Amino acid sequence: MGKIQSEYNLSKRLRSRVILLMTDTPQNNSHSELSNEEQALRYRALVESMNDGFGVIDNDKIFTYVNARFASILGYTPKDVIGKHITDFLDENNRKILRENIRRRSEGQSTQYELEWTKKNGEVVPTIVSGAPLIGEDGEIQGSFAVMTDITEIRQSRVALEESSEMMKTIFEESQSGIELFDENGILITANKAALNIGGISNIQDIIGFSLFDDPNLPSDIKAQLIRGERVSFESEFDFDKVKEAGLYKTSRSGKIVLDSFITPLKTENGTSGGIRGYLSQLFEKTEHRRVQEALVDTEKRYQLLAENVSDVIFTSDLELNLTYLSTSIELLLGYTSDELLGISLIELMAPESVWIAIEAIRNALESEKKSEKPHSRGEAPPLELRLKKKNGALVWVEVTRTFMRDENDIPIGVLGVARNIEERKLAQVTLINSELKYRTLVDQSFQGIMIVQALPLKILYTNPAFAGFLEYSVEEVLVFSPSEIQNLIHPEDLDTVMSRLQNLMAGDEPKRDPMPIRIFQKDGDMQWLEMFGRKVEFDGRSAIQLVAMNVTDRLNAERSIRTQKERAMLYLDLMSHDFRNQLQIILGSTMVMEARLTDPDDRRILGQVVSAVERCQRMISKAKVTEPLMSVPLRPTKLAPILESVVMAQMDLYKDADIAITLKDADAIIEADDFLEQLFSNLIENAIEHNPRAERQVWVQLRKNGEGYEISIADNGAGISESLKREIFDVSRRYGGIGLHQSKQICDKYGGRISVRDRVPDHPNQGVEFVVWIPRHRGINSN
């Protein structure tokens, strides 16, 4: 009798609450004819059929009722829970959350919040709790009730997506090569830190919005290929002074560097030129004195889990899906009142693609009812994800859990369902998937080889197409290599070093600042050189090693060729400095003997020409020899004006018949130079005097500031230089300019400057020539 009375009291309270929720909903005749006991049993069946947990507590926070689902989530039976204090199932942190929400319910407010319960076995289960105050027939609050939804699987799926996206993003941000991403119009969207370091940019905001097609260093034919959607790779000389002159962005670098550039149009699925979604640019600085930025950016924080904040909608329908009941929360979900939708088919509210999903689910469930001989448990049907039409025409994603309502013979007579707004969850999933796709696209289309390996036992977990291409295998072939096959790819002399480095990284060693050079064998047996960086990462929940590599075979071959050429050049210089000079001394000595014996004026004149030619050869050898250590002498801050004055005075003493004028418009000019600065100016002034055929030889020397450096011009009144010769005068292979001018260009290049030639008087080449040298200012001096 006590148990029956308890259930009757519970049903009476639930019935009172539901009647209050449906006060504004017209009731049909069949409802009004039901007795209180019949109504109570009906609502109890509704609650017992829910896929979510449902519980009721009194004002003392004692459970007076829980459905089977609520108890099963916690690992108990309903009898174990009823009569217990609600805080018996919570730790201290979650008790605080609960107390705040119960306080709000005591003020008549409905609440929704996340709560973590402690199960019978000690495990923690995360849930979404939607609670409301329980109002008695006298209008007084008698406690509260709540719907509890287990969100364990939702959290696990989001964590998996986030970890995958984070891995791809980490690969992008930690890449040793510069990577830039432009939109379909060539406007910069993002760049990694390596790209910013190459460009001398301190803040990415300084370059966001920069147009790839406005870059003066990008050749016109390359721009045309990119517009046509063609992939390009090229080596170019990047001039930072052009960037500054065009005012494209702020950079701390100046002068020129050599870049290998690889630009790939990112196309849509149709692959047409009109379907370009953007451009992926990869940059590798090849300048001899480059400095690679090794510091890695901090790992970005993981994305926050989205919490559903829309109250669930409880509904019932017949087997044709005509709605027979809706809770008032339908207005929050779709904008309709429950009165407007009663009697309407649920199919009319569905998007076309969701209609067949719902119909098939009902049909399959009914077929299963006919075939199965076992009684069917309530709430076991998998949830459906459907799109419903809102009153304003918009579509919203919902998750629907449902079960059959049954008659006294356990025959299905209708559907009881709970719909929840999952729009934010869907949006979050799409965002995470798109983010992962974005970074995977960057990695898969990279020219830099990226591989993730397990050290022990040796196994390749991931490789991008570039790394597989280094080996001349497909990605699929590389991923199934056995440990012995992987070891056979590595040169035997390098194998121990590679394995030791991998094991040290797995043990926690910091990544090396310098790359590890290794030799590998391709599929056809050819050997290639790689430079490789490694670091420890987490991949698919386990520790692994991320390897980033570049194929440097061509570069090493080129360096060997340069060394060979340098050695040959040094041999020729040594021959000139010793063997040739010794022979010239013998010739001079012989001519002195001959001069004493010759009396004929013509013979003595010819002999004088021989002596003059020999002396000129000796001067050329001395001039070539003096710049032998040019590249090994360090630069230092040097004042320009005193050096220039000293050289001019020395030339005036040497050529007393020449008139040399000097003008210093910036006497405080300071540059980075060395002892060869005097040689630079001496060569140019000497060239202006010796190649001037006029009787009155004049030279004008001027120093002035120009932009971020200083300009030194040396002009003469000689016969001038033709336009064709101006273009080729510094071409070493043609030797039009003589050794002095070629030396001057080498010295100028070392200082990061430039040298050019033009008419002293524009468009009048027969009135003399002007050589112009520009050298950047010393960085320790502020610009005026």
# chains A, B, ... in the order shown; residues from 1 in each chain; ligands from 1
$ residues_around --residues "stretch 518-530 of chain A" --least-positions-apart "5" --cutoff "8 Å" --atoms "only C-alpha atoms" --output "list in words"
Phe470, Leu471, Glu472, Tyr473, Asn488, Leu489, Ile490, His491, Asp494, Val498, Ala549, Met550, Asn551, Val552 and Thr553 of chain A
$ write_last_selection --atoms "C-alpha atoms" --output "PDB file, in the first residue's frame"
ATOM      1  CA  PHE A 470      62.512  12.046 -52.466  1.00  0.00           C
ATOM      2  CA  LEU A 471      62.576   8.228 -52.338  1.00  0.00           C
ATOM      3  CA  GLU A 472      60.763   7.826 -55.717  1.00  0.00           C
ATOM      4  CA  TYR A 473      58.017   5.787 -54.054  1.00  0.00           C
ATOM      5  CA  ASN A 488      67.990  -0.178 -46.258  1.00  0.00           C
ATOM      6  CA  LEU A 489      66.961   3.281 -47.512  1.00  0.00           C
ATOM      7  CA  ILE A 490      69.714   4.891 -45.361  1.00  0.00           C
ATOM      8  CA  HIS A 491      73.393   4.822 -46.315  1.00  0.00           C
ATOM      9  CA  ASP A 494      74.787   7.185 -41.724  1.00  0.00           C
ATOM     10  CA  VAL A 498      70.234   8.476 -37.629  1.00  0.00           C
ATOM     11  CA  ALA A 549      63.688  17.345 -44.788  1.00  0.00           C
ATOM     12  CA  MET A 550      64.933  19.032 -47.941  1.00  0.00           C
ATOM     13  CA  ASN A 551      66.703  17.316 -50.860  1.00  0.00           C
ATOM     14  CA  VAL A 552      70.021  19.217 -51.105  1.00  0.00           C
ATOM     15  CA  THR A 553      71.721  16.976 -53.667  1.00  0.00           C
TER      16      THR A 553
END
$ select_by_dssp --residues "stretch 391-532 of chain A" --states "strand (DSSP E)" --output "PyMOL selection string"
chain A and resi 395-406+412-421+449-454+459-463+516-521+527-532
$ write_last_selection --atoms "C-alpha atoms" --output "PDB file, in the first residue's frame"
ATOM      1  CA  LEU A 395      16.840  25.464 -41.334  1.00  0.00           C
ATOM      2  CA  VAL A 396      18.135  24.122 -38.027  1.00  0.00           C
ATOM      3  CA  TRP A 397      19.903  20.866 -37.195  1.00  0.00           C
ATOM      4  CA  VAL A 398      18.315  18.772 -34.417  1.00  0.00           C
ATOM      5  CA  GLU A 399      19.115  15.448 -32.828  1.00  0.00           C
ATOM      6  CA  VAL A 400      15.995  13.341 -32.266  1.00  0.00           C
ATOM      7  CA  THR A 401      15.782  10.405 -29.901  1.00  0.00           C
ATOM      8  CA  ARG A 402      12.519   8.455 -30.030  1.00  0.00           C
ATOM      9  CA  THR A 403      10.678   5.356 -28.919  1.00  0.00           C
ATOM     10  CA  PHE A 404       7.263   3.856 -29.535  1.00  0.00           C
ATOM     11  CA  MET A 405       4.267   4.538 -27.308  1.00  0.00           C
ATOM     12  CA  ARG A 406       2.378   1.258 -26.807  1.00  0.00           C
ATOM     13  CA  PRO A 412       3.109   0.521 -31.018  1.00  0.00           C
ATOM     14  CA  ILE A 413       0.450   3.192 -31.352  1.00  0.00           C
ATOM     15  CA  GLY A 414       2.561   6.350 -31.637  1.00  0.00           C
ATOM     16  CA  VAL A 415       5.975   7.936 -31.269  1.00  0.00           C
ATOM     17  CA  LEU A 416       7.435   9.676 -28.234  1.00  0.00           C
ATOM     18  CA  GLY A 417      10.473  11.816 -29.077  1.00  0.00           C
ATOM     19  CA  VAL A 418      12.915  14.414 -27.739  1.00  0.00           C
ATOM     20  CA  ALA A 419      14.459  16.950 -30.143  1.00  0.00           C
ATOM     21  CA  ARG A 420      17.589  18.931 -29.276  1.00  0.00           C
ATOM     22  CA  ASN A 421      19.163  21.855 -31.153  1.00  0.00           C
ATOM     23  CA  GLY A 449      59.423  16.533 -47.055  1.00  0.00           C
ATOM     24  CA  ILE A 450      57.474  15.840 -43.840  1.00  0.00           C
ATOM     25  CA  MET A 451      57.426  12.435 -42.167  1.00  0.00           C
ATOM     26  CA  ILE A 452      56.323  11.137 -38.762  1.00  0.00           C
ATOM     27  CA  VAL A 453      58.049   7.968 -37.562  1.00  0.00           C
ATOM     28  CA  GLN A 454      57.983   5.649 -34.582  1.00  0.00           C
ATOM     29  CA  LYS A 459      57.792   2.413 -38.449  1.00  0.00           C
ATOM     30  CA  ILE A 460      56.557   5.222 -40.721  1.00  0.00           C
ATOM     31  CA  LEU A 461      53.252   6.603 -39.391  1.00  0.00           C
ATOM     32  CA  TYR A 462      52.777   9.462 -41.875  1.00  0.00           C
ATOM     33  CA  THR A 463      54.491  10.943 -44.933  1.00  0.00           C
ATOM     34  CA  MET A 516      71.378  16.458 -39.907  1.00  0.00           C
ATOM     35  CA  PRO A 517      72.837  15.596 -43.364  1.00  0.00           C
ATOM     36  CA  ILE A 518      72.097  12.004 -44.413  1.00  0.00           C
ATOM     37  CA  ARG A 519      72.384   9.957 -47.579  1.00  0.00           C
ATOM     38  CA  ILE A 520      69.427   7.908 -48.790  1.00  0.00           C
ATOM     39  CA  PHE A 521      68.872   5.526 -51.685  1.00  0.00           C
ATOM     40  CA  MET A 527      71.927   8.171 -53.814  1.00  0.00           C
ATOM     41  CA  GLN A 528      70.519  11.538 -52.679  1.00  0.00           C
ATOM     42  CA  TRP A 529      71.574  13.956 -49.915  1.00  0.00           C
ATOM     43  CA  LEU A 530      68.945  15.207 -47.441  1.00  0.00           C
ATOM     44  CA  GLU A 531      69.176  17.856 -44.702  1.00  0.00           C
ATOM     45  CA  MET A 532      66.783  16.885 -41.927  1.00  0.00           C
TER      46      MET A 532
END
$ residues_around --residues "A:Arg754" --least-positions-apart "5" --cutoff "10 Å" --atoms "only C-alpha atoms" --output "list in words"
Gly255, Glu711, Ser744, Lys745, Gln746, Ile747, Cys748, Asp749, Val772, Val773, Trp774, Ile775 and Pro776 of chain A
$ residues_around --residues "stretch 355-370 of chain A" --least-positions-apart "3" --cutoff "10 Å" --atoms "only C-alpha atoms" --output "mmCIF file with N, CA and C atoms, in the first residue's frame"
data_model
loop_
_atom_site.group_PDB
_atom_site.id
_atom_site.type_symbol
_atom_site.label_atom_id
_atom_site.label_comp_id
_atom_site.auth_asym_id
_atom_site.auth_seq_id
_atom_site.Cartn_x
_atom_site.Cartn_y
_atom_site.Cartn_z
ATOM 1 N N LEU A 319 1.562 7.138 -35.639
ATOM 2 C CA LEU A 319 2.531 6.433 -36.470
ATOM 3 C C LEU A 319 2.702 7.071 -37.846
ATOM 4 N N GLU A 320 1.812 7.996 -38.203
ATOM 5 C CA GLU A 320 1.948 8.739 -39.452
ATOM 6 C C GLU A 320 2.728 10.036 -39.231
ATOM 7 N N LEU A 321 3.235 10.218 -38.012
ATOM 8 C CA LEU A 321 4.033 11.376 -37.610
ATOM 9 C C LEU A 321 3.231 12.670 -37.537
ATOM 10 N N LEU A 346 4.832 16.001 -38.855
ATOM 11 C CA LEU A 346 6.231 16.344 -38.611
ATOM 12 C C LEU A 346 7.024 16.404 -39.917
ATOM 13 N N ILE A 347 6.564 15.636 -40.929
ATOM 14 C CA ILE A 347 7.246 15.617 -42.227
ATOM 15 C C ILE A 347 7.213 16.995 -42.877
ATOM 16 N N GLU A 348 6.134 17.770 -42.651
ATOM 17 C CA GLU A 348 6.031 19.100 -43.246
ATOM 18 C C GLU A 348 7.079 20.061 -42.684
ATOM 19 N N LEU A 349 7.606 19.753 -41.520
ATOM 20 C CA LEU A 349 8.618 20.614 -40.897
ATOM 21 C C LEU A 349 10.045 20.219 -41.273
ATOM 22 N N MET A 350 10.193 19.102 -42.003
ATOM 23 C CA MET A 350 11.534 18.593 -42.306
ATOM 24 C C MET A 350 12.029 19.104 -43.649
ATOM 25 N N ALA A 351 13.379 19.285 -43.748
ATOM 26 C CA ALA A 351 14.014 19.541 -45.034
ATOM 27 C C ALA A 351 13.905 18.279 -45.878
ATOM 28 N N PRO A 352 13.877 18.396 -47.222
ATOM 29 C CA PRO A 352 13.662 17.228 -48.082
ATOM 30 C C PRO A 352 14.607 16.061 -47.784
ATOM 31 N N GLU A 373 10.839 -11.621 -31.571
ATOM 32 C CA GLU A 373 9.964 -12.284 -30.600
ATOM 33 C C GLU A 373 10.224 -11.791 -29.183
ATOM 34 N N LYS A 374 11.313 -11.050 -28.995
ATOM 35 C CA LYS A 374 11.665 -10.560 -27.672
ATOM 36 C C LYS A 374 10.966 -9.242 -27.415
ATOM 37 N N PRO A 375 10.628 -8.956 -26.159
ATOM 38 C CA PRO A 375 10.050 -7.641 -25.844
ATOM 39 C C PRO A 375 11.083 -6.549 -26.104
ATOM 40 N N HIS A 376 10.633 -5.422 -26.595
ATOM 41 C CA HIS A 376 11.522 -4.318 -26.963
ATOM 42 C C HIS A 376 11.741 -3.373 -25.792
ATOM 43 N N ALA A 381 16.646 2.957 -29.602
ATOM 44 C CA ALA A 381 16.830 3.363 -30.998
ATOM 45 C C ALA A 381 17.931 4.405 -31.091
ATOM 46 N N PRO A 382 18.817 4.312 -32.095
ATOM 47 C CA PRO A 382 19.887 5.304 -32.247
ATOM 48 C C PRO A 382 19.301 6.665 -32.589
ATOM 49 N N PRO A 383 19.930 7.769 -32.154
ATOM 50 C CA PRO A 383 19.396 9.105 -32.438
ATOM 51 C C PRO A 383 19.509 9.432 -33.924
ATOM 52 N N LEU A 384 18.620 10.289 -34.404
ATOM 53 C CA LEU A 384 18.616 10.749 -35.785
ATOM 54 C C LEU A 384 19.041 12.212 -35.821
ATOM 55 N N GLU A 385 19.819 12.572 -36.829
ATOM 56 C CA GLU A 385 20.160 13.974 -37.040
ATOM 57 C C GLU A 385 19.361 14.475 -38.241
ATOM 58 N N LEU A 386 18.451 15.417 -37.997
ATOM 59 C CA LEU A 386 17.527 15.911 -39.015
ATOM 60 C C LEU A 386 17.631 17.428 -39.109
ATOM 61 N N ARG A 387 17.157 17.970 -40.234
ATOM 62 C CA ARG A 387 17.079 19.423 -40.406
ATOM 63 C C ARG A 387 15.619 19.815 -40.471
ATOM 64 N N LEU A 388 15.217 20.739 -39.581
ATOM 65 C CA LEU A 388 13.839 21.206 -39.509
ATOM 66 C C LEU A 388 13.751 22.645 -39.985
ATOM 67 N N VAL A 400 17.281 13.870 -32.732
ATOM 68 C CA VAL A 400 15.995 13.341 -32.266
ATOM 69 C C VAL A 400 16.204 11.928 -31.723
ATOM 70 N N ARG A 402 13.950 8.813 -30.007
ATOM 71 C CA ARG A 402 12.519 8.455 -30.030
ATOM 72 C C ARG A 402 12.317 7.007 -29.615
ATOM 73 N N THR A 403 11.098 6.712 -29.247
ATOM 74 C CA THR A 403 10.678 5.356 -28.919
ATOM 75 C C THR A 403 9.196 5.257 -29.211
ATOM 76 N N PHE A 404 8.690 4.051 -29.262
ATOM 77 C CA PHE A 404 7.263 3.856 -29.535
ATOM 78 C C PHE A 404 6.453 4.012 -28.246
ATOM 79 N N ILE A 411 1.633 -3.051 -28.235
ATOM 80 C CA ILE A 411 1.649 -2.778 -29.669
ATOM 81 C C ILE A 411 1.921 -1.288 -29.873
ATOM 82 N N PRO A 412 2.845 -0.897 -30.779
ATOM 83 C CA PRO A 412 3.109 0.521 -31.018
ATOM 84 C C PRO A 412 1.873 1.246 -31.532
ATOM 85 N N VAL A 415 4.543 7.677 -31.464
ATOM 86 C CA VAL A 415 5.975 7.936 -31.269
ATOM 87 C C VAL A 415 6.142 8.992 -30.179
#
$ atom_distance --atom1 "atom CA of A:Asp150" --atom2 "atom CA of A:Glu163"
22.2 Å
$ residues_around --residues "A:Glu153" --least-positions-apart "4" --cutoff "12 Å" --atoms "only C-alpha atoms" --output "NGL selection string"
:A and (125-127 or 149 or 157-160)
$ write_last_selection --atoms "C-alpha atoms" --output "short mmCIF file (atom, residue, chain, number, x, y, z; two decimals), in the first residue's frame"
data_model
loop_
_atom_site.label_atom_id
_atom_site.label_comp_id
_atom_site.auth_asym_id
_atom_site.auth_seq_id
_atom_site.Cartn_x
_atom_site.Cartn_y
_atom_site.Cartn_z
CA VAL A 125 30.13 10.98 -16.37
CA PRO A 126 29.62 14.44 -18.01
CA THR A 127 26.02 15.52 -18.61
CA THR A 149 21.72 13.88 -21.01
CA SER A 157 34.44 12.85 -30.85
CA ARG A 158 35.31 16.55 -30.50
CA VAL A 159 38.62 15.81 -28.78
CA ALA A 160 39.57 13.45 -31.64
#
$ residues_around --residues "A:Pro216" --least-positions-apart "2" --cutoff "8 Å" --atoms "only C-alpha atoms" --output "list in words"
Asp214, Leu218, Pro219, Lys242 and Val243 of chain A
$ write_last_selection --atoms "N, CA, C and O atoms" --output "PDB file, in the first residue's frame"
ATOM      1  N   ASP A 214      51.416  42.488 -56.710  1.00  0.00           N
ATOM      2  CA  ASP A 214      52.036  43.804 -56.621  1.00  0.00           C
ATOM      3  C   ASP A 214      53.528  43.719 -56.321  1.00  0.00           C
ATOM      4  O   ASP A 214      54.210  44.734 -56.280  1.00  0.00           O
ATOM      5  N   LEU A 218      58.521  39.806 -58.384  1.00  0.00           N
ATOM      6  CA  LEU A 218      57.923  38.657 -59.058  1.00  0.00           C
ATOM      7  C   LEU A 218      57.866  38.944 -60.562  1.00  0.00           C
ATOM      8  O   LEU A 218      57.192  39.873 -60.995  1.00  0.00           O
ATOM      9  N   PRO A 219      58.592  38.162 -61.380  1.00  0.00           N
ATOM     10  CA  PRO A 219      58.636  38.421 -62.825  1.00  0.00           C
ATOM     11  C   PRO A 219      57.242  38.393 -63.455  1.00  0.00           C
ATOM     12  O   PRO A 219      56.357  37.664 -63.010  1.00  0.00           O
ATOM     13  N   LYS A 242      63.532  47.483 -53.491  1.00  0.00           N
ATOM     14  CA  LYS A 242      62.351  47.667 -54.336  1.00  0.00           C
ATOM     15  C   LYS A 242      61.074  47.643 -53.495  1.00  0.00           C
ATOM     16  O   LYS A 242      60.127  48.387 -53.749  1.00  0.00           O
ATOM     17  N   VAL A 243      61.054  46.775 -52.490  1.00  0.00           N
ATOM     18  CA  VAL A 243      59.889  46.697 -51.601  1.00  0.00           C
ATOM     19  C   VAL A 243      59.708  48.017 -50.860  1.00  0.00           C
ATOM     20  O   VAL A 243      58.601  48.538 -50.725  1.00  0.00           O
TER      21      VAL A 243
END
$ closest_residue --among "A:Leu332, A:Glu408, A:Ser130, A:Gly247" --to "A:Leu41" --atoms "only C-alpha atoms"
A:Glu408
$ residues_around --residues "A:Ala661" --least-positions-apart "2" --cutoff "9 Å" --atoms "only C-alpha atoms" --output "PyMOL selection string"
chain A and resi 648+659+663+698-702
$ write_last_selection --atoms "N, CA, C and O atoms" --output "compact mmCIF listing (two decimals), in the first residue's frame"
# COMPACT_ATOMS: atom_id res chain seq x y z
N VAL A 648 91.54 60.88 -53.49
CA VAL A 648 91.62 61.97 -54.46
C VAL A 648 93.00 62.64 -54.40
O VAL A 648 93.62 62.93 -55.45
N ASP A 659 92.82 67.44 -63.73
CA ASP A 659 92.11 68.34 -62.81
C ASP A 659 91.01 67.54 -62.10
O ASP A 659 90.04 67.11 -62.74
N THR A 663 83.38 67.11 -54.13
CA THR A 663 82.30 67.78 -53.40
C THR A 663 81.73 66.80 -52.39
O THR A 663 81.28 65.70 -52.75
N GLN A 698 89.57 66.15 -67.02
CA GLN A 698 88.87 66.62 -65.83
C GLN A 698 88.07 65.46 -65.20
O GLN A 698 87.47 64.65 -65.91
N VAL A 699 88.05 65.45 -63.84
CA VAL A 699 87.30 64.42 -63.08
C VAL A 699 86.54 65.12 -61.96
O VAL A 699 87.10 66.00 -61.27
N TRP A 700 85.26 64.76 -61.81
CA TRP A 700 84.43 65.33 -60.74
C TRP A 700 84.00 64.20 -59.80
O TRP A 700 83.41 63.20 -60.24
N VAL A 701 84.28 64.35 -58.51
CA VAL A 701 83.92 63.35 -57.49
C VAL A 701 82.94 64.00 -56.52
O VAL A 701 83.19 65.11 -56.01
N GLN A 702 81.82 63.29 -56.26
CA GLN A 702 80.79 63.87 -55.38
C GLN A 702 80.23 62.79 -54.45
O GLN A 702 80.00 61.65 -54.86
$ atom_distance --atom1 "atom CA of A:Glu645" --atom2 "atom CA of A:Lys705"
16.7 Å
$ atom_distance --atom1 "atom CA of A:Leu283" --atom2 "atom CA of A:Ser177"
6.2 Å
$ select_by_dssp --residues "stretch 547-729 of chain A" --states "helix (DSSP H, G or I)" --output "VMD selection string"
chain A and resid 553 to 597 601 to 626 630 to 632 640 to 654 677 to 690 723 to 728
$ closest_residue --among "A:Asn766, A:Gln142, A:Thr316, A:Ser281" --to "A:Leu46" --atoms "only C-alpha atoms"
A:Thr316
$ closest_residue --among "A:Leu458, A:Val47, A:Leu654, A:Ile128" --to "A:Val480" --atoms "only C-alpha atoms"
A:Leu458
